[in-house]
$ cat model-v1.cif   # mmCIF, C-alpha atoms and all ligand atoms
data_run
loop_
_atom_site.label_atom_id
_atom_site.label_comp_id
_atom_site.auth_asym_id
_atom_site.auth_seq_id
_atom_site.Cartn_x
_atom_site.Cartn_y
_atom_site.Cartn_z
CA MET A 1 6.97 10.25 -8.36
CA THR A 2 10.25 11.74 -7.34
CA ASP A 3 11.22 8.95 -4.94
CA THR A 4 11.44 6.14 -7.48
CA GLY A 5 11.55 7.78 -10.88
CA ARG A 6 8.60 7.67 -13.22
CA LEU A 7 8.20 4.79 -15.62
CA THR A 8 7.37 5.43 -19.22
CA SER A 9 4.76 3.23 -20.78
CA ALA A 10 3.68 2.75 -24.37
CA GLY A 11 0.03 3.12 -23.38
CA TRP A 12 0.46 6.30 -21.40
CA PRO A 13 0.87 9.79 -22.85
CA GLU A 14 3.80 12.04 -21.94
CA LEU A 15 2.40 14.72 -19.63
CA HIS A 16 4.17 17.86 -18.58
CA ASP A 17 4.44 18.72 -14.90
CA ALA A 18 1.49 21.10 -14.67
CA GLN A 19 -0.80 18.64 -16.48
CA ARG A 20 0.34 15.89 -14.15
CA ALA A 21 -0.33 18.07 -11.10
CA VAL A 22 -3.91 18.65 -12.26
CA LEU A 23 -4.43 14.96 -13.06
CA LEU A 24 -3.05 13.91 -9.66
CA GLU A 25 -5.41 16.30 -7.89
CA VAL A 26 -8.41 14.66 -9.56
CA LEU A 27 -6.95 11.17 -9.21
CA ILE A 28 -6.24 11.43 -5.50
CA HIS A 29 -8.90 13.83 -4.30
CA GLY A 30 -11.77 13.02 -6.65
CA SER A 31 -13.76 15.30 -8.93
CA ARG A 32 -12.97 18.96 -8.48
CA SER A 33 -14.26 22.24 -9.80
CA ARG A 34 -11.94 24.24 -12.06
CA ALA A 35 -11.94 27.08 -9.53
CA ASP A 36 -10.88 24.69 -6.80
CA LEU A 37 -8.14 23.20 -8.99
CA ALA A 38 -6.83 26.64 -9.86
CA ARG A 39 -6.54 27.43 -6.16
CA ARG A 40 -4.88 24.14 -5.27
CA THR A 41 -2.35 24.15 -8.13
CA ASN A 42 -1.62 27.90 -8.11
CA LEU A 43 -2.47 28.16 -11.81
CA SER A 44 -4.44 30.91 -13.44
CA ARG A 45 -7.92 30.04 -14.68
CA ALA A 46 -6.77 30.59 -18.27
CA THR A 47 -3.77 28.26 -17.89
CA LEU A 48 -5.90 25.68 -16.16
CA MET A 49 -8.48 25.81 -18.94
CA ARG A 50 -5.76 25.15 -21.51
CA LEU A 51 -4.32 22.27 -19.45
CA THR A 52 -7.66 20.61 -18.86
CA ARG A 53 -8.51 20.87 -22.55
CA GLY A 54 -5.31 18.88 -23.23
CA LEU A 55 -6.24 16.27 -20.62
CA VAL A 56 -9.74 15.97 -22.08
CA GLU A 57 -8.25 15.45 -25.56
CA LEU A 58 -6.00 12.71 -24.18
CA GLY A 59 -9.10 11.04 -22.76
CA LEU A 60 -7.87 11.19 -19.16
CA VAL A 61 -10.55 13.49 -17.73
CA THR A 62 -14.00 14.71 -18.64
CA GLU A 63 -15.64 18.02 -17.93
CA GLY A 64 -19.05 17.80 -16.39
CA GLN A 65 -21.81 19.59 -14.63
CA THR A 66 -21.26 23.09 -13.46
CA GLN A 67 -20.94 23.63 -9.75
CA VAL A 68 -22.60 26.78 -8.41
CA PRO A 69 -20.76 27.96 -5.30
CA ALA A 70 -22.84 28.41 -2.15
CA GLY A 71 -21.58 31.93 -1.50
CA ARG A 72 -20.51 34.52 -4.03
CA GLY A 73 -18.31 33.58 -6.96
CA ARG A 74 -18.73 32.41 -10.52
CA PRO A 75 -20.09 28.94 -11.31
CA SER A 76 -17.28 26.54 -12.17
CA GLU A 77 -17.15 23.41 -14.32
CA MET A 78 -16.32 20.13 -12.61
CA LEU A 79 -13.43 17.99 -13.76
CA HIS A 80 -13.80 14.20 -13.43
CA LEU A 81 -11.25 11.42 -13.86
CA ARG A 82 -12.00 9.04 -16.75
CA ALA A 83 -11.41 5.84 -14.82
CA GLU A 84 -11.60 3.71 -17.98
CA ALA A 85 -8.77 5.69 -19.60
CA ALA A 86 -6.21 3.10 -18.50
CA TYR A 87 -5.99 -0.33 -16.87
CA PHE A 88 -3.34 -1.70 -14.53
CA VAL A 89 -2.41 -5.16 -13.32
CA GLY A 90 -1.25 -5.74 -9.74
CA VAL A 91 0.38 -8.94 -8.48
CA LYS A 92 1.16 -10.03 -4.92
CA LEU A 93 3.62 -12.89 -4.49
CA THR A 94 3.74 -15.02 -1.36
CA GLY A 95 6.02 -18.02 -0.86
CA ASP A 96 3.31 -20.28 -2.30
CA ALA A 97 0.91 -18.31 -4.43
CA LEU A 98 0.26 -15.40 -6.74
CA TYR A 99 -2.73 -13.08 -6.35
CA ALA A 100 -3.50 -10.75 -9.24
CA VAL A 101 -6.02 -8.00 -9.96
CA VAL A 102 -6.82 -5.59 -12.77
CA THR A 103 -7.86 -2.07 -11.81
CA ASP A 104 -8.93 1.00 -13.71
CA LEU A 105 -7.23 4.38 -13.34
CA HIS A 106 -9.27 5.02 -10.21
CA ALA A 107 -7.98 1.78 -8.59
CA LYS A 108 -11.31 -0.01 -8.77
CA ILE A 109 -10.79 -3.79 -8.98
CA LEU A 110 -12.33 -5.20 -12.18
CA ALA A 111 -10.91 -8.74 -12.29
CA THR A 112 -9.01 -11.07 -9.96
CA GLU A 113 -7.02 -14.28 -10.27
CA GLU A 114 -5.17 -16.65 -7.91
CA ARG A 115 -2.51 -19.20 -8.85
CA ILE A 116 -0.40 -21.63 -6.84
CA LEU A 117 3.33 -21.23 -7.55
CA PRO A 118 4.63 -24.45 -9.14
CA SER A 119 8.04 -23.53 -7.69
CA ARG A 120 9.88 -20.51 -6.27
CA ASP A 121 12.38 -20.51 -9.11
CA VAL A 122 12.61 -16.93 -10.43
CA ALA A 123 12.10 -17.83 -14.11
CA THR A 124 9.07 -19.99 -13.27
CA VAL A 125 7.46 -17.24 -11.19
CA VAL A 126 8.14 -14.58 -13.84
CA GLY A 127 6.68 -16.94 -16.47
CA LEU A 128 3.54 -17.38 -14.38
CA ILE A 129 3.18 -13.60 -13.98
CA ALA A 130 3.47 -13.23 -17.76
CA GLU A 131 0.82 -15.91 -18.28
CA VAL A 132 -1.63 -14.18 -15.92
CA VAL A 133 -0.94 -10.77 -17.49
CA ASP A 134 -1.51 -12.30 -20.92
CA GLY A 135 -4.88 -13.67 -19.79
CA PHE A 136 -5.98 -10.26 -18.52
CA SER A 137 -4.75 -8.50 -21.67
CA ALA A 138 -7.48 -10.21 -23.69
CA ASP A 139 -10.10 -8.14 -21.83
CA PHE A 140 -8.17 -5.06 -20.74
CA PRO A 141 -5.63 -2.94 -22.64
CA LEU A 142 -3.05 -2.81 -19.82
CA THR A 143 -0.86 0.24 -19.30
CA ALA A 144 1.51 -0.95 -16.58
CA ALA A 145 2.12 -3.68 -14.00
CA GLY A 146 2.93 -3.66 -10.31
CA VAL A 147 4.33 -6.57 -8.33
CA CYS A 148 4.71 -6.62 -4.55
CA LEU A 149 6.15 -9.11 -2.12
CA ALA A 150 7.42 -9.41 1.44
CA GLY A 151 11.04 -8.40 1.07
CA ASP A 152 13.44 -5.53 0.61
CA VAL A 153 13.29 -3.68 -2.69
CA THR A 154 15.64 -0.96 -3.95
CA TYR A 155 15.12 1.45 -6.81
CA SER A 156 17.61 2.96 -9.15
CA HIS A 157 16.88 4.78 -12.41
CA GLY A 158 13.42 3.29 -12.66
CA ASP A 159 14.63 -0.28 -12.19
CA SER A 160 13.76 -2.15 -9.04
CA THR A 161 15.66 -5.04 -7.53
CA VAL A 162 14.49 -7.45 -4.85
CA LEU A 163 17.44 -7.44 -2.46
CA GLY A 164 16.04 -10.29 -0.46
CA SER A 165 12.75 -12.09 0.08
CA HIS A 166 12.75 -14.60 2.91
CA PHE A 167 9.50 -16.34 1.85
CA LEU A 168 10.61 -16.80 -1.76
CA GLY A 169 14.26 -17.47 -0.94
CA TRP A 170 15.34 -14.77 -3.40
CA GLU A 171 18.39 -12.53 -3.28
CA ASN A 172 19.33 -9.72 -5.68
CA VAL A 173 16.66 -10.47 -8.25
CA PRO A 174 16.20 -7.69 -10.90
CA LEU A 175 12.48 -8.40 -10.89
CA GLY A 176 11.38 -5.10 -12.47
CA GLU A 177 13.50 -5.75 -15.53
CA LEU A 178 12.51 -9.45 -15.74
CA VAL A 179 8.76 -8.79 -15.54
CA HIS A 180 9.09 -5.91 -17.99
CA SER A 181 10.88 -8.19 -20.51
CA ALA A 182 8.34 -10.98 -20.04
CA THR A 183 5.20 -8.82 -20.27
CA GLY A 184 6.26 -5.77 -22.26
CA LEU A 185 4.69 -3.60 -19.55
CA ALA A 186 6.32 -0.87 -17.50
CA THR A 187 6.64 -2.58 -14.12
CA ALA A 188 6.84 -1.26 -10.56
CA ILE A 189 8.16 -3.58 -7.85
CA SER A 190 7.42 -2.83 -4.19
CA ASN A 191 7.63 -4.22 -0.72
CA ASP A 192 4.07 -5.39 -0.01
CA VAL A 193 3.47 -3.46 3.22
CA GLN A 194 4.90 -0.29 1.72
CA ALA A 195 2.69 -0.71 -1.34
CA LEU A 196 -0.36 -1.19 0.89
CA THR A 197 0.58 1.92 2.86
CA VAL A 198 0.70 4.01 -0.31
CA ALA A 199 -2.56 2.43 -1.51
CA HIS A 200 -4.41 3.37 1.66
CA HIS A 201 -2.87 6.83 1.63
CA TRP A 202 -4.12 7.49 -1.91
CA PHE A 203 -7.35 5.54 -2.13
CA GLY A 204 -8.12 3.84 1.19
CA VAL A 205 -8.63 4.71 4.84
CA GLY A 206 -5.56 6.99 4.88
CA VAL A 207 -7.03 9.49 2.42
CA GLY A 208 -6.59 12.97 3.85
CA CYS A 209 -3.71 11.99 6.16
CA THR A 210 -0.41 13.77 5.66
CA THR A 211 1.55 11.62 8.08
CA MET A 212 0.49 8.04 8.85
CA ALA A 213 1.75 4.51 9.41
CA LEU A 214 0.39 1.11 8.45
CA ILE A 215 1.21 -2.14 10.21
CA GLY A 216 0.82 -5.39 8.26
CA LEU A 217 0.31 -8.48 10.43
CA GLY A 218 0.81 -11.93 9.01
CA ALA A 219 3.56 -14.51 8.70
CA GLY A 220 5.78 -11.58 9.65
CA ILE A 221 5.12 -8.04 10.81
CA GLY A 222 6.07 -4.98 8.78
CA SER A 223 5.23 -1.31 8.66
CA GLY A 224 4.97 1.43 6.08
CA ILE A 225 5.44 5.09 6.92
CA VAL A 226 4.16 8.20 5.16
CA VAL A 227 5.59 11.53 6.26
CA ASN A 228 4.48 14.80 4.70
CA ASP A 229 2.55 12.90 2.00
CA GLU A 230 5.61 10.88 0.87
CA ILE A 231 6.24 7.19 1.56
CA VAL A 232 9.53 6.75 3.41
CA ARG A 233 11.78 4.53 1.23
CA GLY A 234 14.85 4.58 3.43
CA SER A 235 18.38 4.63 2.07
CA ARG A 236 18.65 0.86 1.48
CA GLY A 237 15.07 -0.19 0.82
CA HIS A 238 14.10 -1.33 4.28
CA PRO A 239 12.53 1.34 6.45
CA GLY A 240 9.85 0.56 9.02
CA LYS A 241 11.49 -2.59 10.40
CA VAL A 242 9.53 -3.13 13.59
CA GLY A 243 9.61 -6.93 13.78
CA HIS A 244 12.40 -7.25 16.31
CA LEU A 245 11.74 -4.28 18.59
CA PHE A 246 12.27 -5.17 22.25
CA VAL A 247 9.18 -5.94 24.32
CA THR A 248 10.37 -7.85 27.40
CA ASP A 249 13.41 -9.86 28.47
CA THR A 250 11.33 -12.75 29.75
CA GLY A 251 9.45 -13.84 26.65
CA PRO A 252 9.60 -16.55 24.01
CA VAL A 253 12.42 -16.65 21.46
CA CYS A 254 11.92 -15.48 17.86
CA ASP A 255 13.29 -17.21 14.72
CA ARG A 256 16.38 -14.98 14.94
CA GLY A 257 17.12 -15.98 18.52
CA HIS A 258 15.90 -12.83 20.33
CA THR A 259 14.14 -13.28 23.63
CA GLY A 260 10.89 -11.32 23.93
CA CYS A 261 11.04 -9.29 20.69
CA VAL A 262 7.90 -8.25 18.77
CA SER A 263 8.20 -11.21 16.38
CA SER A 264 8.38 -13.67 19.26
CA PHE A 265 4.77 -12.66 20.11
CA VAL A 266 2.92 -11.18 17.14
CA THR A 267 3.61 -13.17 13.96
CA ILE A 268 1.36 -16.07 12.97
CA PRO A 269 4.10 -18.69 13.60
CA ALA A 270 4.77 -17.15 17.04
CA ILE A 271 1.09 -17.17 18.00
CA VAL A 272 0.76 -20.78 16.88
CA ALA A 273 3.85 -21.79 18.88
CA ASN A 274 2.93 -19.78 21.99
CA SER A 275 -0.66 -21.02 22.05
CA GLY A 276 0.15 -24.69 21.48
CA ALA A 277 -2.57 -24.74 18.81
CA SER A 278 -2.29 -26.40 15.40
CA GLY A 279 -2.83 -23.16 13.48
CA PHE A 280 -3.66 -19.47 13.76
CA TRP A 281 -7.45 -19.79 13.53
CA GLU A 282 -7.32 -22.77 15.88
CA ALA A 283 -5.49 -20.58 18.41
CA LEU A 284 -8.23 -17.94 18.19
CA ALA A 285 -10.96 -20.55 18.51
CA ALA A 286 -9.24 -22.17 21.51
CA ALA A 287 -8.81 -18.80 23.23
CA ALA A 288 -12.45 -17.88 22.60
CA ALA A 289 -13.47 -21.24 24.07
CA GLY A 290 -11.59 -20.49 27.28
CA ASP A 291 -8.16 -22.10 26.70
CA ALA A 292 -5.92 -20.10 29.08
CA VAL A 293 -2.65 -20.75 27.19
CA ALA A 294 -4.08 -19.63 23.84
CA ASP A 295 -5.76 -16.64 25.50
CA LEU A 296 -2.47 -15.53 27.05
CA ALA A 297 -0.59 -15.99 23.75
CA LEU A 298 -3.08 -13.66 22.02
CA ARG A 299 -3.16 -11.09 24.82
CA ASN A 300 0.66 -11.01 24.85
CA ALA A 301 0.56 -10.50 21.07
CA GLY A 302 -1.78 -7.52 21.60
CA HIS A 303 0.63 -6.09 24.16
CA ALA A 304 3.62 -6.47 21.79
CA LEU A 305 1.62 -4.89 18.98
CA GLY A 306 1.02 -1.90 21.26
CA VAL A 307 4.79 -1.43 21.55
CA VAL A 308 4.96 -1.20 17.73
CA VAL A 309 2.09 1.30 17.49
CA ALA A 310 3.51 3.49 20.27
CA SER A 311 7.03 3.39 18.80
CA LEU A 312 5.80 4.46 15.36
CA ALA A 313 3.59 7.15 16.90
CA ASP A 314 6.43 8.52 18.99
CA LEU A 315 8.73 8.69 15.97
CA ILE A 316 6.48 10.26 13.34
CA ASP A 317 3.50 11.80 15.19
CA PRO A 318 0.91 10.35 12.75
CA GLU A 319 -2.68 11.37 12.18
CA LYS A 320 -3.53 7.68 12.02
CA VAL A 321 -2.01 4.22 12.47
CA ILE A 322 -3.69 1.53 10.36
CA ILE A 323 -3.48 -2.11 11.41
CA THR A 324 -4.33 -4.71 8.79
CA GLY A 325 -3.13 -8.04 7.38
CA GLU A 326 -4.27 -11.66 7.61
CA ALA A 327 -3.55 -11.79 11.36
CA LEU A 328 -5.67 -8.69 12.09
CA ALA A 329 -7.95 -10.83 14.30
CA VAL A 330 -5.25 -10.66 17.00
CA ALA A 331 -5.72 -6.91 17.33
CA ARG A 332 -9.49 -7.40 17.63
CA TYR A 333 -9.23 -10.23 20.18
CA ALA A 334 -6.64 -8.42 22.32
CA SER A 335 -7.90 -4.87 21.85
CA ASP A 336 -7.80 -4.11 25.60
CA GLU A 337 -4.15 -5.20 25.87
CA LEU A 338 -3.36 -3.31 22.66
CA ASP A 339 -4.89 -0.07 23.99
CA ALA A 340 -3.27 -0.41 27.42
CA SER A 341 0.12 -1.15 25.87
CA ILE A 342 -0.11 1.87 23.53
CA ARG A 343 -0.93 4.12 26.49
CA ARG A 344 1.89 2.65 28.54
CA HIS A 345 4.56 2.98 25.85
CA LEU A 346 3.56 6.26 24.27
CA ASP A 347 5.51 9.37 25.16
CA PRO A 348 3.77 11.02 28.13
CA ALA A 349 3.35 14.28 26.20
CA ALA A 350 1.95 12.61 23.07
CA GLU A 351 -1.66 12.89 21.92
CA PRO A 352 -3.66 9.64 21.97
CA VAL A 353 -3.11 7.64 18.75
CA ASP A 354 -5.94 7.19 16.26
CA VAL A 355 -5.67 3.46 15.52
CA GLU A 356 -7.84 2.01 12.79
CA LEU A 357 -8.24 -1.75 12.27
CA VAL A 358 -8.89 -2.42 8.60
CA ASP A 359 -10.39 -5.66 7.26
CA PHE A 360 -8.05 -7.51 4.96
CA ALA A 361 -8.21 -9.83 1.97
CA PHE A 362 -5.18 -11.15 0.12
CA ALA A 363 -6.29 -9.28 -2.99
CA ASP A 364 -5.58 -6.06 -1.02
CA TYR A 365 -1.87 -6.48 -1.66
CA ALA A 366 -2.48 -7.09 -5.37
CA TRP A 367 -4.71 -3.98 -5.40
CA ALA A 368 -1.84 -2.09 -3.73
CA ALA A 369 0.61 -3.36 -6.38
CA ALA A 370 -1.73 -2.04 -9.12
CA ILE A 371 -1.80 1.34 -7.36
CA ALA A 372 2.01 1.32 -7.29
CA ALA A 373 1.82 0.85 -11.07
CA ILE A 374 -0.63 3.78 -11.40
CA ARG A 375 1.59 5.89 -9.20
CA HIS A 376 4.72 5.10 -11.17
CA VAL A 377 3.18 5.87 -14.52
CA VAL A 378 1.24 9.00 -13.56
ZN ZN B 1 13.45 -11.11 17.07
#
$ encode --input "model-v1.cif" --output "structure tokens" --more "lines below"
Ligand SMILES: [Zn+2]
Amino acid sequence: MTDTGRLTSAGWPELHDAQRAVLLEVLIHGSRSRADLARRTNLSRATLMRLTRGLVELGLVTEGQTQVPAGRGRPSEMLHLRAEAAYFVGVKLTGDALYAVVTDLHAKILATEERILPSRDVATVVGLIAEVVDGFSADFPLTAAGVCLAGDVTYSHGDSTVLGSHFLGWENVPLGELVHSATGLATAISNDVQALTVAHHWFGVGVGCTTMALIGLGAGIGSGIVVNDEIVRGSRGHPGKVGHLFVTDTGPVCDRGHTGCVSSFVTIPAIVANSGASGFWEALAAAAAGDAVADLALRNAGHALGVVVASLADLIDPEKVIITGEALAVARYASDELDASIRRHLDPAAEPVDVELVDFAFADYAWAAAIAAIRHVV
């Protein structure tokens, strides 16, 4: 795509722009009739027929059943994506582990793998990625790889550099280049929450939205923003920083020393500290069992989360705000506080926000990394 430069991959044919536009239509929006595609891409039927013949010959799409329009109009052949035309590997790195998936061209997960990181040393982690990719390659001819992690990533001429990742202790790591050298695959590196935002926009609960935001709750809190169908990359690789927005001046203190910021309430470490529990799930269990301190910690987290939702909504006027991540249970537990806080902090003239809570598994980030790979190659 235009924002990061397209990667070239040995296993992927060179497409020209019009072919790519047709393929993207079918990839993102599902099977379409030729008449519909002609309308959506502003191509003549004759041009479209020539383009689709090329895509069929490359094995990327198939032509199927004829659709007979309900009203007047000629019957039109349907164009379907050939999901098995290419396979992609996606990897999510945390500070301790690696989660990997293989998907087809339609982002369906076909295989998964989890590994503990023996160390956070860059060469060791890259070596482990190569080992996992190698294992998958035996069953799937891979076209490209995607890797995502919590951290800031910048892009330049198709290369991506991890500027900083707190959980891995990395700074200025040319990870795209390193993984490419170790695996031989075209590699796309992304911030994990941004990758998940793009994934939901293309294939998940954000399909059909033009402008949307996604909030990832976990050890930290991050957000991804899509405006006019494009992910916002920012000028230095770190847009959507919502973790230290101000909530109140009489709250707990976050790890950066701010009193009452979002992170002092919403992150897993903050909830554990504020609840006095031994862990996140213990805090939820204690609150559900009537522990007043844990209950307040979670309701305060819901309130702070509402500040984030309202701030994003006020800035970009989204069709939807998705909340997901391993700490999603907070939003469910404190849904009343979340709703009240959104109403309180939203601009008085704004429409109510459509908030969707989306179940989460760690493989979701790996799935998102694979979709980043698809996106970068197509
Ligand atoms: Zn803070």
$ atom_distance --input "model-v1.cif" --atom1 "CA of Gln194 in chain A" --atom2 "CA of Arg120 in chain A"
22.3 Å
$ residues_around --input "model-v1.cif" --residues "Ile342 in chain A" --least-positions-apart "6" --cutoff "7 Å" --atoms "all atoms listed in the file" --output "count of residues only"
4
$ closest_atom_pairs --input "model-v1.cif" --of "chain A" --to "ligand ZN 1 (chain B)" --cutoff "6 Å" --atoms "only C-alpha atoms and all ligand atoms" --output "Markdown table"
| residue | atom | partner | partner_atom | distance |
| --- | --- | --- | --- | --- |
| A:His244 | CA | B:ZN1 | ZN | 4.1 |
| A:Cys254 | CA | B:ZN1 | ZN | 4.7 |
| A:Arg256 | CA | B:ZN1 | ZN | 5.3 |
| A:His258 | CA | B:ZN1 | ZN | 4.4 |
| A:Cys261 | CA | B:ZN1 | ZN | 4.7 |
| A:Ser263 | CA | B:ZN1 | ZN | 5.3 |
$ atom_distance --input "model-v1.cif" --atom1 "CA of Gly302 in chain A" --atom2 "CA of Gly164 in chain A"
28.5 Å
$ atom_distance --input "model-v1.cif" --atom1 "CA of Ala199 in chain A" --atom2 "CA of Ile371 in chain A"
6.0 Å
$ closest_atom_pairs --input "model-v1.cif" --of "range 73-163 of chain A" --to "range 172-189 of chain A" --cutoff "6 Å" --atoms "all atoms listed in the file" --output "CSV"
residue,atom,partner,partner_atom,distance
A:Ala130,CA,A:Thr183,CA,5.4
A:Ala144,CA,A:Ala186,CA,4.9
A:Ala145,CA,A:Thr187,CA,4.7
A:Gly146,CA,A:Ala188,CA,4.6
A:Val147,CA,A:Ile189,CA,4.9
A:Cys148,CA,A:Ile189,CA,5.7
A:Asp159,CA,A:Gly176,CA,5.8
A:Ser160,CA,A:Gly176,CA,5.1
A:Thr161,CA,A:Pro174,CA,4.3
A:Val162,CA,A:Val173,CA,5.0
A:Leu163,CA,A:Asn172,CA,4.4
$ closest_residue --input "model-v1.cif" --among "A:Ala21, A:Met212, A:Ala289, A:Leu315" --to "Ala38 in chain A" --atoms "all atoms listed in the file"
A:Ala21
$ closest_residue --input "model-v1.cif" --among "A:Ile231, A:Ile268, A:Leu142, A:Val205" --to "Ile374 in chain A" --atoms "all atoms listed in the file"
A:Leu142
$ residues_near_point --input "model-v1.cif" --point "(-7.9, 17.3, -11.3)" --cutoff "12 Å" --atoms "all atoms listed in the file" --output "ChimeraX atom specification"
/A:18-41,48-49,51-53,55-56,60-63,77-82
